[in-house]
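Q: Provided herewith: run.txt, compact mmCIF, C-alpha atoms and all ligand atoms.
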```
# COMPACT_ATOMS: atom_id res chain seq x y z
CA MET A 1 174.67 66.52 140.42
CA ALA A 2 172.03 64.80 138.37
CA PRO A 3 170.14 66.83 135.78
CA PRO A 4 166.48 67.67 136.46
CA LEU A 5 164.14 64.75 136.03
CA ASP A 6 161.67 64.56 133.21
CA GLN A 7 158.11 63.43 133.70
CA GLY A 8 157.94 59.74 134.46
CA GLN A 9 161.67 59.23 134.43
CA THR A 10 163.13 57.32 137.36
CA PRO A 11 165.88 59.19 139.18
CA ASP A 12 168.47 56.50 138.83
CA ALA A 13 168.22 53.18 136.99
CA ALA A 14 170.32 51.50 139.68
CA LEU A 15 167.86 52.30 142.46
CA PRO A 16 165.44 49.62 143.64
CA ALA A 17 161.78 49.82 142.63
CA PRO A 18 159.88 52.68 144.29
CA ALA A 19 158.93 51.96 147.87
CA LEU A 20 155.28 51.20 148.55
CA THR A 21 155.27 53.75 151.30
CA LYS A 22 155.79 56.99 149.45
CA PRO A 23 157.23 59.87 151.43
CA ARG A 24 154.79 62.75 151.89
CA MET A 25 156.00 66.27 151.22
CA LEU A 26 154.19 69.54 151.79
CA VAL A 27 155.55 72.26 149.53
CA VAL A 28 155.29 75.70 151.17
CA PHE A 29 155.44 78.17 148.31
CA ASP A 30 156.37 81.77 149.01
CA THR A 31 153.57 84.08 147.84
CA SER A 32 154.96 87.31 149.30
CA GLY A 33 154.90 90.44 147.15
CA SER A 34 158.60 90.25 146.34
CA MET A 35 158.01 87.09 144.31
CA THR A 36 157.04 89.47 141.49
CA TRP A 37 160.63 90.79 141.49
CA THR A 38 163.60 89.53 139.52
CA PRO A 39 165.77 87.07 141.51
CA ARG A 40 168.63 89.50 141.54
CA ARG A 41 169.23 93.05 140.39
CA ALA A 42 171.50 92.41 137.44
CA ARG A 43 170.72 95.33 135.17
CA GLN A 44 172.86 98.43 135.49
CA CYS A 45 171.64 101.94 134.76
CA VAL A 46 172.76 105.56 134.76
CA TRP A 47 171.28 107.70 137.49
CA ASN A 48 170.89 111.40 136.83
CA CYS A 49 168.07 112.85 138.91
CA GLY A 50 169.00 115.26 141.68
CA MET A 51 166.51 114.65 144.45
CA PRO A 52 164.80 111.42 143.51
CA GLN A 53 161.66 110.29 145.21
CA GLN A 54 162.50 107.25 147.35
CA GLY A 55 166.06 107.45 146.06
CA ALA A 56 164.99 106.37 142.60
CA CYS A 57 164.89 107.91 139.13
CA TYR A 58 161.63 106.95 137.50
CA ALA A 59 161.40 109.13 134.45
CA ASP A 60 163.26 108.20 131.28
CA ASN A 61 164.91 111.60 131.09
CA ASP A 62 166.32 111.15 134.62
CA ALA A 63 167.84 107.75 134.07
CA SER A 64 168.71 105.31 131.35
CA GLY A 65 169.34 101.60 131.10
CA CYS A 66 166.19 100.19 132.72
CA PRO A 67 163.10 98.70 131.10
CA PRO A 68 160.21 101.16 130.64
CA GLY A 69 158.60 102.01 133.97
CA VAL A 70 161.36 100.47 136.06
CA PRO A 71 163.34 102.99 138.12
CA CYS A 72 167.09 103.29 138.39
CA LEU A 73 168.07 103.11 142.06
CA GLU A 74 170.82 104.99 143.89
CA ASP A 75 173.36 102.19 143.44
CA SER A 76 173.01 102.40 139.63
CA PHE A 77 171.13 99.14 139.34
CA CYS A 78 167.55 98.90 138.09
CA ALA A 79 164.88 98.08 140.66
CA PRO A 80 163.91 94.40 140.58
CA TRP A 81 160.21 95.09 140.11
CA THR A 82 158.50 93.38 137.17
CA TYR A 83 154.91 94.43 138.09
CA GLY A 84 153.79 90.95 137.12
CA ASP A 85 154.59 87.26 137.39
CA GLY A 86 154.99 85.93 133.87
CA SER A 87 151.39 84.72 133.71
CA ALA A 88 149.05 85.21 130.77
CA ASP A 89 147.16 88.06 132.42
CA TYR A 90 149.99 89.71 134.36
CA PRO A 91 153.12 89.10 132.30
CA GLY A 92 155.14 91.94 133.78
CA VAL A 93 158.26 93.65 132.50
CA ASP A 94 160.88 91.89 130.39
CA HIS A 95 164.04 92.80 132.35
CA ASP A 96 166.63 90.80 130.46
CA GLY A 97 165.36 91.79 127.02
CA ASN A 98 164.89 88.25 125.70
CA GLY A 99 161.34 89.05 124.62
CA LEU A 100 159.78 86.82 127.27
CA ALA A 101 158.01 87.63 130.53
CA ASP A 102 160.17 85.07 132.29
CA ASP A 103 161.88 87.40 134.71
CA SER A 104 160.00 87.20 138.01
CA ARG A 105 160.86 84.92 140.91
CA MET A 106 157.28 83.68 140.79
CA PHE A 107 157.58 82.60 137.16
CA ILE A 108 160.96 80.96 137.64
CA ALA A 109 159.97 79.13 140.83
CA LYS A 110 156.78 77.80 139.22
CA GLU A 111 158.73 76.55 136.20
CA ALA A 112 161.39 74.89 138.35
CA LEU A 113 158.81 73.18 140.53
CA ARG A 114 156.74 71.97 137.60
CA SER A 115 159.71 70.59 135.68
CA THR A 116 161.60 69.09 138.60
CA LEU A 117 159.44 68.30 141.55
CA LEU A 118 156.14 67.31 140.06
CA GLY A 119 157.73 64.86 137.63
CA VAL A 120 158.81 62.72 140.57
CA THR A 121 156.28 59.96 141.17
CA GLU A 122 158.06 58.46 144.17
CA LEU A 123 156.60 61.11 146.46
CA GLU A 124 153.18 62.37 147.42
CA PHE A 125 152.94 66.16 147.35
CA GLY A 126 150.68 68.82 148.79
CA LEU A 127 150.76 72.59 148.37
CA MET A 128 150.61 75.44 150.89
CA ARG A 129 151.13 79.16 150.34
CA TYR A 130 151.44 82.12 152.66
CA ALA A 131 147.85 82.95 153.59
CA GLN A 132 145.89 85.21 151.27
CA GLU A 133 142.28 86.28 150.97
CA GLU A 134 140.64 85.67 147.63
CA GLY A 135 137.88 87.44 145.75
CA ASP A 136 137.08 89.19 142.51
CA LEU A 137 139.93 91.71 142.12
CA ILE A 138 140.10 91.85 145.92
CA ARG A 139 143.55 93.40 145.89
CA SER A 140 142.64 96.77 144.52
CA THR A 141 143.58 99.20 147.24
CA GLY A 142 146.56 99.67 149.46
CA ILE A 143 148.73 102.36 151.01
CA CYS A 144 152.48 102.11 150.85
CA SER A 145 153.79 103.39 154.18
CA GLY A 146 156.47 105.92 153.41
CA CYS A 147 155.29 106.43 149.84
CA GLU A 148 153.54 109.61 148.83
CA GLN A 149 151.25 107.82 146.43
CA LEU A 150 148.46 105.39 146.80
CA PHE A 151 149.49 102.11 145.28
CA ARG A 152 147.38 99.10 144.57
CA SER A 153 149.56 96.02 144.47
CA GLN A 154 152.91 94.72 143.30
CA TYR A 155 151.15 94.20 139.99
CA ASP A 156 150.57 97.91 139.39
CA ALA A 157 152.96 99.22 136.78
CA TYR A 158 154.39 102.67 137.46
CA PRO A 159 152.83 105.20 137.61
CA PHE A 160 150.27 103.08 139.39
CA ALA A 161 147.26 103.49 137.15
CA ILE A 162 144.01 102.96 139.05
CA ASP A 163 143.14 99.27 139.39
CA GLU A 164 145.60 98.33 136.68
CA GLY A 165 147.23 95.79 138.93
CA ALA A 166 144.18 94.53 140.80
CA ILE A 167 144.44 90.79 141.48
CA ASN A 168 142.19 88.16 143.03
CA TYR A 169 144.51 87.57 146.00
CA ASP A 170 145.32 89.77 148.99
CA GLY A 171 147.96 88.71 151.49
CA GLN A 172 148.57 92.09 153.03
CA LEU A 173 146.34 91.86 156.09
CA ILE A 174 146.13 88.16 156.83
CA SER A 175 149.48 86.62 155.89
CA CYS A 176 151.01 87.41 159.29
CA GLN A 177 147.87 86.47 161.21
CA ARG A 178 147.27 83.11 159.62
CA GLY A 179 150.70 81.89 158.47
CA GLY A 180 150.34 79.13 155.91
CA GLU A 181 147.25 78.17 153.97
CA LEU A 182 146.71 74.72 152.52
CA LEU A 183 145.72 74.79 148.85
CA VAL A 184 146.11 71.14 147.84
CA PRO A 185 146.07 68.33 150.46
CA ILE A 186 148.91 65.82 150.24
CA ALA A 187 147.89 62.95 148.00
CA ASP A 188 149.32 60.62 145.40
CA ASP A 189 147.14 62.12 142.68
CA ALA A 190 147.53 65.78 143.66
CA ARG A 191 149.85 66.73 140.81
CA GLY A 192 147.14 68.03 138.50
CA ALA A 193 145.66 70.18 141.24
CA ILE A 194 149.09 71.54 142.17
CA VAL A 195 150.01 72.29 138.57
CA SER A 196 146.80 74.27 138.13
CA TRP A 197 148.19 76.77 140.68
CA MET A 198 151.39 77.09 138.61
CA ASP A 199 150.24 77.00 134.99
CA HIS A 200 150.25 80.80 134.56
CA VAL A 201 146.55 80.97 133.70
CA GLU A 202 143.53 81.83 135.79
CA THR A 203 139.77 82.01 135.37
CA PHE A 204 138.37 85.54 135.20
CA PRO A 205 136.19 86.80 136.75
CA TYR A 206 137.27 85.12 139.98
CA ASP A 207 135.83 81.64 140.38
CA VAL A 208 136.59 79.63 143.50
CA SER A 209 136.09 76.42 141.53
CA GLY A 210 137.89 77.67 138.44
CA ASN A 211 141.56 77.68 137.57
CA ARG A 212 143.35 79.76 140.18
CA GLU A 213 146.96 80.83 140.45
CA LEU A 214 149.76 81.53 142.90
CA ARG A 215 150.30 85.31 143.05
CA GLY A 216 152.74 87.46 144.95
CA ASP A 217 151.09 89.63 147.59
CA GLY A 218 151.74 90.03 151.29
CA ASN A 219 154.34 89.35 153.95
CA THR A 220 156.66 86.42 154.68
CA PRO A 221 155.26 84.35 157.58
CA ILE A 222 157.86 81.56 157.66
CA ALA A 223 157.36 80.60 161.30
CA GLY A 224 153.60 80.89 160.95
CA SER A 225 153.52 78.61 157.93
CA LEU A 226 155.72 76.03 159.63
CA ARG A 227 153.23 76.01 162.51
CA SER A 228 150.37 75.69 160.03
CA ALA A 229 152.24 72.74 158.50
CA LEU A 230 152.61 71.20 161.94
CA THR A 231 148.88 71.46 162.59
CA LEU A 232 148.20 69.83 159.24
CA PHE A 233 150.55 66.89 159.81
CA ARG A 234 149.49 66.44 163.45
CA ASP A 235 145.73 66.61 162.91
CA GLN A 236 145.20 65.33 159.40
CA VAL A 237 148.10 63.82 157.50
CA ILE A 238 149.53 61.50 160.15
CA PRO A 239 146.53 60.32 162.25
CA GLY A 240 144.77 58.79 159.26
CA ASP A 241 147.92 57.21 157.87
CA GLU A 242 148.09 53.47 158.51
CA ARG A 243 151.74 53.48 157.45
CA GLN A 244 152.77 56.25 159.83
CA ASN A 245 155.41 54.03 161.48
CA CYS A 246 157.24 53.73 158.14
CA ARG A 247 156.45 56.82 156.14
CA PRO A 248 158.84 59.78 156.04
CA TYR A 249 157.20 63.22 156.21
CA PHE A 250 158.67 66.45 154.89
CA VAL A 251 158.10 70.15 154.51
CA LEU A 252 159.79 71.88 151.61
CA LEU A 253 159.93 75.61 152.24
CA LEU A 254 160.67 77.71 149.17
CA THR A 255 161.15 81.34 150.18
CA ASP A 256 162.65 84.43 148.59
CA GLY A 257 162.94 86.41 151.78
CA GLU A 258 163.43 86.31 155.51
CA GLU A 259 160.61 86.16 158.02
CA THR A 260 158.81 89.53 158.10
CA CYS A 261 156.01 88.81 160.58
CA GLU A 262 157.77 87.57 163.71
CA THR A 263 160.76 89.81 164.16
CA ALA A 264 163.35 90.35 166.87
CA ALA A 265 164.17 93.63 168.64
CA ASP A 266 166.61 94.59 165.87
CA GLY A 267 163.88 94.25 163.23
CA GLY A 268 165.41 91.10 161.74
CA PRO A 269 163.81 87.66 161.84
CA ASP A 270 163.21 86.12 165.28
CA GLN A 271 165.60 83.23 164.94
CA ALA A 272 164.53 81.47 168.14
CA VAL A 273 160.90 81.40 167.03
CA LEU A 274 161.86 80.14 163.57
CA GLU A 275 164.09 77.38 164.89
CA ALA A 276 161.42 76.36 167.40
CA ALA A 277 158.83 76.06 164.63
CA ALA A 278 161.13 73.76 162.62
CA ARG A 279 162.16 71.78 165.71
CA ASP A 280 158.55 71.22 166.72
CA LEU A 281 157.95 69.60 163.33
CA LEU A 282 161.04 67.41 163.71
CA GLU A 283 160.01 66.37 167.22
CA LEU A 284 156.36 65.83 166.39
CA ARG A 285 154.68 62.92 168.18
CA VAL A 286 151.29 61.63 167.17
CA GLU A 287 149.42 59.11 169.30
CA GLY A 288 152.51 58.66 171.46
CA ARG A 289 154.74 57.74 168.56
CA ALA A 290 157.62 59.80 167.15
CA THR A 291 156.56 60.98 163.68
CA PRO A 292 159.29 63.41 162.65
CA VAL A 293 158.56 65.92 159.90
CA ARG A 294 161.82 67.16 158.41
CA THR A 295 162.03 70.63 156.88
CA PHE A 296 164.02 71.37 153.74
CA VAL A 297 164.65 75.04 153.01
CA ILE A 298 165.41 76.67 149.67
CA GLY A 299 166.34 80.34 149.66
CA PHE A 300 165.63 81.83 146.25
CA GLY A 301 167.09 85.10 145.00
CA GLU A 302 169.64 87.59 146.23
CA ASP A 303 167.71 88.55 149.37
CA THR A 304 168.35 85.17 151.00
CA GLU A 305 171.70 84.14 149.47
CA GLY A 306 173.74 82.41 152.18
CA SER A 307 171.23 83.31 154.90
CA ALA A 308 172.35 82.05 158.30
CA THR A 309 168.74 82.22 159.47
CA LEU A 310 167.52 79.89 156.72
CA ASP A 311 170.45 77.56 157.45
CA ALA A 312 169.41 77.51 161.10
CA ILE A 313 165.81 76.66 160.19
CA ALA A 314 167.02 73.74 158.06
CA ALA A 315 169.35 72.54 160.81
CA ALA A 316 166.58 72.71 163.43
CA GLY A 317 164.31 70.95 160.94
CA GLY A 318 166.70 68.02 160.54
CA THR A 319 168.15 68.72 157.09
CA ASP A 320 171.51 70.27 158.07
CA GLN A 321 171.50 73.40 155.93
CA ALA A 322 169.47 75.43 153.47
CA HIS A 323 169.85 75.30 149.70
CA PHE A 324 170.27 78.51 147.74
CA GLY A 325 169.79 79.57 144.15
CA SER A 326 169.15 82.68 142.09
CA ASP A 327 168.12 81.25 138.73
CA GLU A 328 166.03 78.40 137.38
CA MET A 329 168.97 76.03 136.92
CA ALA A 330 170.14 76.49 140.50
CA LEU A 331 166.61 76.04 141.73
CA GLN A 332 166.24 72.83 139.74
CA ARG A 333 169.55 71.57 141.12
CA ALA A 334 168.44 72.27 144.68
CA LEU A 335 165.12 70.54 144.13
CA SER A 336 166.76 67.49 142.51
CA GLU A 337 169.22 67.24 145.37
CA ILE A 338 166.41 67.29 147.90
CA ILE A 339 164.37 64.72 145.99
CA GLN A 340 167.38 62.41 145.75
CA GLN A 341 167.86 62.66 149.49
CA VAL A 342 164.21 61.92 150.18
CA ILE A 343 163.73 58.95 147.89
CA THR A 344 166.94 57.20 148.90
CA GLN A 345 165.94 57.26 152.57
CA GLU A 346 165.45 53.99 154.37
CA SER A 347 161.90 52.82 154.62
CA CYS A 348 160.54 49.76 156.35
CA ASN A 349 158.47 48.10 153.69
CA CA B 1 162.72 88.18 129.97
CA CA B 2 146.37 78.44 137.25
```
Could the structure of this file be written out as structure tokens, please?
A:
Amino acid sequence: MAPPLDQGQTPDAALPAPALTKPRMLVVFDTSGSMTWTPRRARQCVWNCGMPQQGACYADNDASGCPPGVPCLEDSFCAPWTYGDGSADYPGVDHDGNGLADDSRMFIAKEALRSTLLGVTELEFGLMRYAQEEGDLIRSTGICSGCEQLFRSQYDAYPFAIDEGAINYDGQLISCQRGGELLVPIADDARGAIVSWMDHVETFPYDVSGNRELRGDGNTPIAGSLRSALTLFRDQVIPGDERQNCRPYFVLLLTDGEETCETAADGGPDQAVLEAAARDLLELRVEGRATPVRTFVIGFGEDTEGSATLDAIAAAGGTDQAHFGSDEMALQRALSEIIQQVITQESCN
């Protein structure tokens, strides 16, 4: 496997010059609340409390081995919660003790995307997230069903100090209703706009025209975002594209969890709905012409490792199987592999 590409570096010196018709790829970036967690629960702890709330020992005298404020769970591993995302304003907890707030899935995924994907000039990219409302510290209230306490957001450090974790993004109510939300339209010069969502800084107070940021809050509407992607390609990306008979179109879904909005009777993801959403993209026809949009899937973190459901989405979306990774290197490898596949595709220039 090739190492991650640096900015401006061509993927392989032996490849022909970049095609004139650049493939277009919509990156669907998971902004569910669990993106503030560590990719996997790697830190062990000693669990002493007798009747822990929610099966967890919070207090230091009940457990040992976890970072301050992070509970030890029943299986003697620390909870994955970082209460942040590695950004300047919400760094979160340093789980691995390396002195850096580099522990959340959100931080790692942003770094991997910036270093690997956005250095590739042979593609045109756009950016979509799971739908969120935005406003000045809009995410400042919330009730955890099953919890005794009021909590505010994934960004609230235990013991949930009032408004401590308020953020400018709220996905709780609308992520399932709306599915995906386009942040940056696909374009050849979209890299700067995309990077501004992943540079770990944000304008405060909230400014719709300022520097904003991807944050983790809300559910995981995979099927809904694939349908949002379909609408985008069908109504905007493809109709205005004079090279639509040549250009390959792609969705790259980066998710850390299974579908949580459209579920089957057993509570798990509704596989038929998910496969249909990916298949509809693959079978898309615009103006009577077949204009397939293939869907790549990357499962990130221990919650999706080896997921048959994600594999099935990728298969229905025309890319055989999902990629998986639980650290930045693995994520970079998956991204490089996908990019290689995309830019070596036949085109009809
Ligand atoms: Ca760290
Ligand atoms: Ca930003």
Q: Find the residues near ligand CA 2 (chain B). Use a cut-off of 12 Å, count only C-alpha atoms and all ligand atoms, and write them as JSON, numbers by chain.
A: {"A": [86, 87, 88, 89, 107, 110, 192, 193, 194, 195, 196, 197, 198, 199, 200, 201, 202, 203, 204, 206, 207, 208, 209, 210, 211, 212, 213, 214, 215]}
Q: Residues around (163.1, 73.9, 144.5), cut-off 8 Å, counting only C-alpha atoms - what are they as a list of chain:residue names?
A: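 The answer, in the requested form, is A:Ala109, A:Ala112, A:Leu113, A:Thr116, A:Leu117, A:Leu254, A:Ile298, A:Leu331, A:Gln332, A:Arg333, A:Ala334, A:Leu335, A:Ser336.
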Q: So that I can check the surroundings of A:Ala312, please list as a PyMOL selection string every protein, DNA and RNA residue that reaches within 10 Å of it, counting only C-alpha atoms and ignoring chain neighbours fewer than 6 positions away.
A: chain A and resi 271-272+274-275+278+297+318-322
Q: To one decimal place, how far is atom CA of A:Ser32 from atom CA of A:Thr220 in Å?
A: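 Separating atom CA of A:Ser32 from atom CA of A:Thr220 is a distance of 5.7 Å.
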Q: Give the answer as one residue: which of A:Pro39, A:Gly135, A:Pro205, A:Gly165 has the shortest atom-to-atom distance to ligand CA 1 (chain B), using only C-alpha atoms and all ligand atoms?
A: A:Pro39
Q: Name the closest residue to ligand CA 1 (chain B) among the candidates A:Pro67, A:Ala42, A:Trp47, A:Leu100; distances are taken between atoms, counting all atoms listed in the file.
A: A:Leu100
Q: Against ligand CA 1 (chain B), which residues of chain A fall within 8 Å? For each one I want the closest pair of atoms and the distance in Å (one decimal), counting all atoms listed in the file, rows by chain and increasing residue number, as a Markdown table.
A:
```
| residue | atom | partner | partner_atom | distance |
| --- | --- | --- | --- | --- |
| A:Val93 | CA | B:CA1 | CA | 7.5 |
| A:Asp94 | CA | B:CA1 | CA | 4.2 |
| A:His95 | CA | B:CA1 | CA | 5.4 |
| A:Asp96 | CA | B:CA1 | CA | 4.7 |
| A:Gly97 | CA | B:CA1 | CA | 5.4 |
| A:Asn98 | CA | B:CA1 | CA | 4.8 |
| A:Gly99 | CA | B:CA1 | CA | 5.6 |
| A:Leu100 | CA | B:CA1 | CA | 4.2 |
| A:Ala101 | CA | B:CA1 | CA | 4.8 |
| A:Asp102 | CA | B:CA1 | CA | 4.6 |
| A:Asp103 | CA | B:CA1 | CA | 4.9 |
```
Q: How far is it from atom CA of A:Pro91 to atom CA of A:Ser34, in Å with one decimal?
A: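 It comes out at 15.1 Å.
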Q: Please indicate the distance in Å from atom CA of A:Arg105 to atom CA of A:Ile186, rounded to one decimal place.
A: 24.4 Å
Q: Hey, what's within 7 Å of A:Tyr58 if we count all atoms listed in the file and toss same-chain stuff fewer than 6 positions away? As a list of chain:residue names, please?
A: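 Close residues of A:Tyr58: A:Gly69, A:Val70, A:Pro71, A:Cys72.
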Q: Looking at only C-alpha atoms, which of A:Ile222, A:Val251, A:Glu287, A:Ser307 is the one that sits closest to A:Asp235?
A: A:Glu287
Q: List the spatial neighbours of stretch 260-265 of chain A as a list in words - criterion: any atom at most 12 Å away, all atoms listed in the file, same-chain residues fewer than 6 positions off excluded.
A: Ser32, Gly33, Ser34, Tyr130, Gln172, Leu173, Ile174, Ser175, Cys176, Gln177, Arg178, Gly179, Gly218, Asn219, Thr220, Pro221, Ile222, Ala223, Gly224, Ser225, Gln271, Ala272, Val273, Leu274, Ala277 and Thr309 of chain A
Q: From the options A:Leu253, A:Glu328, A:Ala290, A:Asn245, which residue's atoms come nearest to A:Asp311, counting only C-alpha atoms?
A: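 That would be A:Leu253, the residue with the smallest distance to A:Asp311.
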Q: Nearest to A:Gln236 among A:Ser64, A:Phe296, A:Val286, A:Ala315, with distances taken over all atoms listed in the file: which residue is it?
A: A:Val286
Q: Neighbours of A:Leu281 within 7 Å (all atoms listed in the file; same-chain residues fewer than 2 positions away dropped), as a ChimeraX atom specification?
A: /A:230,277-279,283-284,292-294,317
Q: With distances taken over all atoms listed in the file, which residue among A:Asp85, A:Glu124, A:Asp156, A:Glu242 lies nearest A:Asp189?
A: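 Of A:Asp85, A:Glu124, A:Asp156, A:Glu242, the one nearest A:Asp189 is A:Glu124, counting all atoms listed in the file.
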Q: Taking only C-alpha atoms into account, produce a table as a Markdown table in which each residue of stretch 185-283 of chain A with an atom at most 10 Å from an atom of stretch 23-27 of chain A appears once, together with its shortest atom pair and the distance in Å to one decimal, ordered by chain and rising number.
A:
```
| residue | atom | partner | partner_atom | distance |
| --- | --- | --- | --- | --- |
| A:Pro185 | CA | A:Leu26 | CA | 8.3 |
| A:Ile186 | CA | A:Leu26 | CA | 6.6 |
| A:Ala187 | CA | A:Arg24 | CA | 7.9 |
| A:Asp188 | CA | A:Arg24 | CA | 8.8 |
| A:Ile194 | CA | A:Val27 | CA | 9.8 |
| A:Ala229 | CA | A:Leu26 | CA | 7.7 |
| A:Leu232 | CA | A:Leu26 | CA | 9.6 |
| A:Phe233 | CA | A:Leu26 | CA | 9.2 |
| A:Val237 | CA | A:Arg24 | CA | 8.8 |
| A:Ile238 | CA | A:Arg24 | CA | 9.9 |
| A:Cys246 | CA | A:Pro23 | CA | 9.1 |
| A:Arg247 | CA | A:Pro23 | CA | 5.7 |
| A:Pro248 | CA | A:Pro23 | CA | 4.9 |
| A:Tyr249 | CA | A:Arg24 | CA | 5.0 |
| A:Phe250 | CA | A:Met25 | CA | 4.5 |
| A:Val251 | CA | A:Leu26 | CA | 4.8 |
| A:Leu252 | CA | A:Val27 | CA | 4.7 |
| A:Leu253 | CA | A:Val27 | CA | 6.1 |
| A:Leu254 | CA | A:Val27 | CA | 7.5 |
```
Q: Could you pull out every residue with an atom within 9 Å of (174.8, 95.6, 133.1), file coordinates, counting only C-alpha atoms, and send them as a PDB file with C-alpha atoms, in the coordinates of the input?
A:
```
ATOM      1  CA  ALA A  42     171.500  92.410 137.440  1.00  0.00           C
ATOM      2  CA  ARG A  43     170.720  95.330 135.170  1.00  0.00           C
ATOM      3  CA  GLN A  44     172.860  98.430 135.490  1.00  0.00           C
ATOM      4  CA  CYS A  45     171.640 101.940 134.760  1.00  0.00           C
ATOM      5  CA  GLY A  65     169.340 101.600 131.100  1.00  0.00           C
ATOM      6  CA  PHE A  77     171.130  99.140 139.340  1.00  0.00           C
TER       7      PHE A  77
END
```
Q: Generate the missing atoms of stretch 117-137 of chain A up to N, CA and C atoms and report them as a JSON list (two decimals), in the coordinates of the input.
A:
```
[["chain", "number", "residue", "atom", "x", "y", "z"],
["A", 117, "LEU", "N", 160.06, 68.95, 140.42],
["A", 117, "LEU", "CA", 159.44, 68.30, 141.55],
["A", 117, "LEU", "C", 158.27, 67.42, 141.14],
["A", 118, "LEU", "N", 157.40, 67.99, 140.32],
["A", 118, "LEU", "CA", 156.14, 67.31, 140.06],
["A", 118, "LEU", "C", 156.29, 66.16, 139.07],
["A", 119, "GLY", "N", 157.48, 66.01, 138.48],
["A", 119, "GLY", "CA", 157.73, 64.86, 137.63],
["A", 119, "GLY", "C", 158.11, 63.63, 138.44],
["A", 120, "VAL", "N", 158.35, 63.82, 139.73],
["A", 120, "VAL", "CA", 158.81, 62.72, 140.57],
["A", 120, "VAL", "C", 157.60, 61.98, 141.13],
["A", 121, "THR", "N", 157.46, 60.71, 140.75],
["A", 121, "THR", "CA", 156.28, 59.96, 141.17],
["A", 121, "THR", "C", 156.52, 59.17, 142.45],
["A", 122, "GLU", "N", 157.75, 59.21, 142.96],
["A", 122, "GLU", "CA", 158.06, 58.46, 144.17],
["A", 122, "GLU", "C", 157.61, 59.15, 145.44],
["A", 123, "LEU", "N", 157.05, 60.35, 145.30],
["A", 123, "LEU", "CA", 156.60, 61.11, 146.46],
["A", 123, "LEU", "C", 155.14, 61.50, 146.29],
["A", 124, "GLU", "N", 154.49, 61.75, 147.44],
["A", 124, "GLU", "CA", 153.18, 62.37, 147.42],
["A", 124, "GLU", "C", 153.35, 63.83, 147.84],
["A", 125, "PHE", "N", 152.76, 64.74, 147.07],
["A", 125, "PHE", "CA", 152.94, 66.16, 147.35],
["A", 125, "PHE", "C", 151.63, 66.81, 147.77],
["A", 126, "GLY", "N", 151.77, 67.90, 148.52],
["A", 126, "GLY", "CA", 150.68, 68.82, 148.79],
["A", 126, "GLY", "C", 151.21, 70.23, 148.61],
["A", 127, "LEU", "N", 150.33, 71.21, 148.62],
["A", 127, "LEU", "CA", 150.76, 72.59, 148.37],
["A", 127, "LEU", "C", 150.15, 73.56, 149.38],
["A", 128, "MET", "N", 151.03, 74.38, 149.97],
["A", 128, "MET", "CA", 150.61, 75.44, 150.89],
["A", 128, "MET", "C", 151.24, 76.74, 150.41],
["A", 129, "ARG", "N", 150.54, 77.84, 150.63],
["A", 129, "ARG", "CA", 151.13, 79.16, 150.34],
["A", 129, "ARG", "C", 151.05, 80.00, 151.61],
["A", 130, "TYR", "N", 151.64, 81.16, 151.58],
["A", 130, "TYR", "CA", 151.44, 82.12, 152.66],
["A", 130, "TYR", "C", 150.00, 82.62, 152.52],
["A", 131, "ALA", "N", 149.30, 82.73, 153.64],
["A", 131, "ALA", "CA", 147.85, 82.95, 153.59],
["A", 131, "ALA", "C", 147.46, 84.23, 152.84],
["A", 132, "GLN", "N", 146.45, 84.08, 152.02],
["A", 132, "GLN", "CA", 145.89, 85.21, 151.27],
["A", 132, "GLN", "C", 144.37, 85.11, 151.27],
["A", 133, "GLU", "N", 143.70, 86.27, 151.22],
["A", 133, "GLU", "CA", 142.28, 86.28, 150.97],
["A", 133, "GLU", "C", 142.07, 86.26, 149.46],
["A", 134, "GLU", "N", 140.94, 85.71, 149.05],
["A", 134, "GLU", "CA", 140.64, 85.67, 147.63],
["A", 134, "GLU", "C", 139.29, 86.30, 147.34],
["A", 135, "GLY", "N", 139.15, 86.86, 146.18],
["A", 135, "GLY", "CA", 137.88, 87.44, 145.75],
["A", 135, "GLY", "C", 138.08, 88.17, 144.44],
["A", 136, "ASP", "N", 137.00, 88.56, 143.82],
["A", 136, "ASP", "CA", 137.08, 89.19, 142.51],
["A", 136, "ASP", "C", 137.84, 90.52, 142.61],
["A", 137, "LEU", "N", 139.05, 90.53, 142.09],
["A", 137, "LEU", "CA", 139.93, 91.71, 142.12],
["A", 137, "LEU", "C", 140.00, 92.32, 143.51]]
```
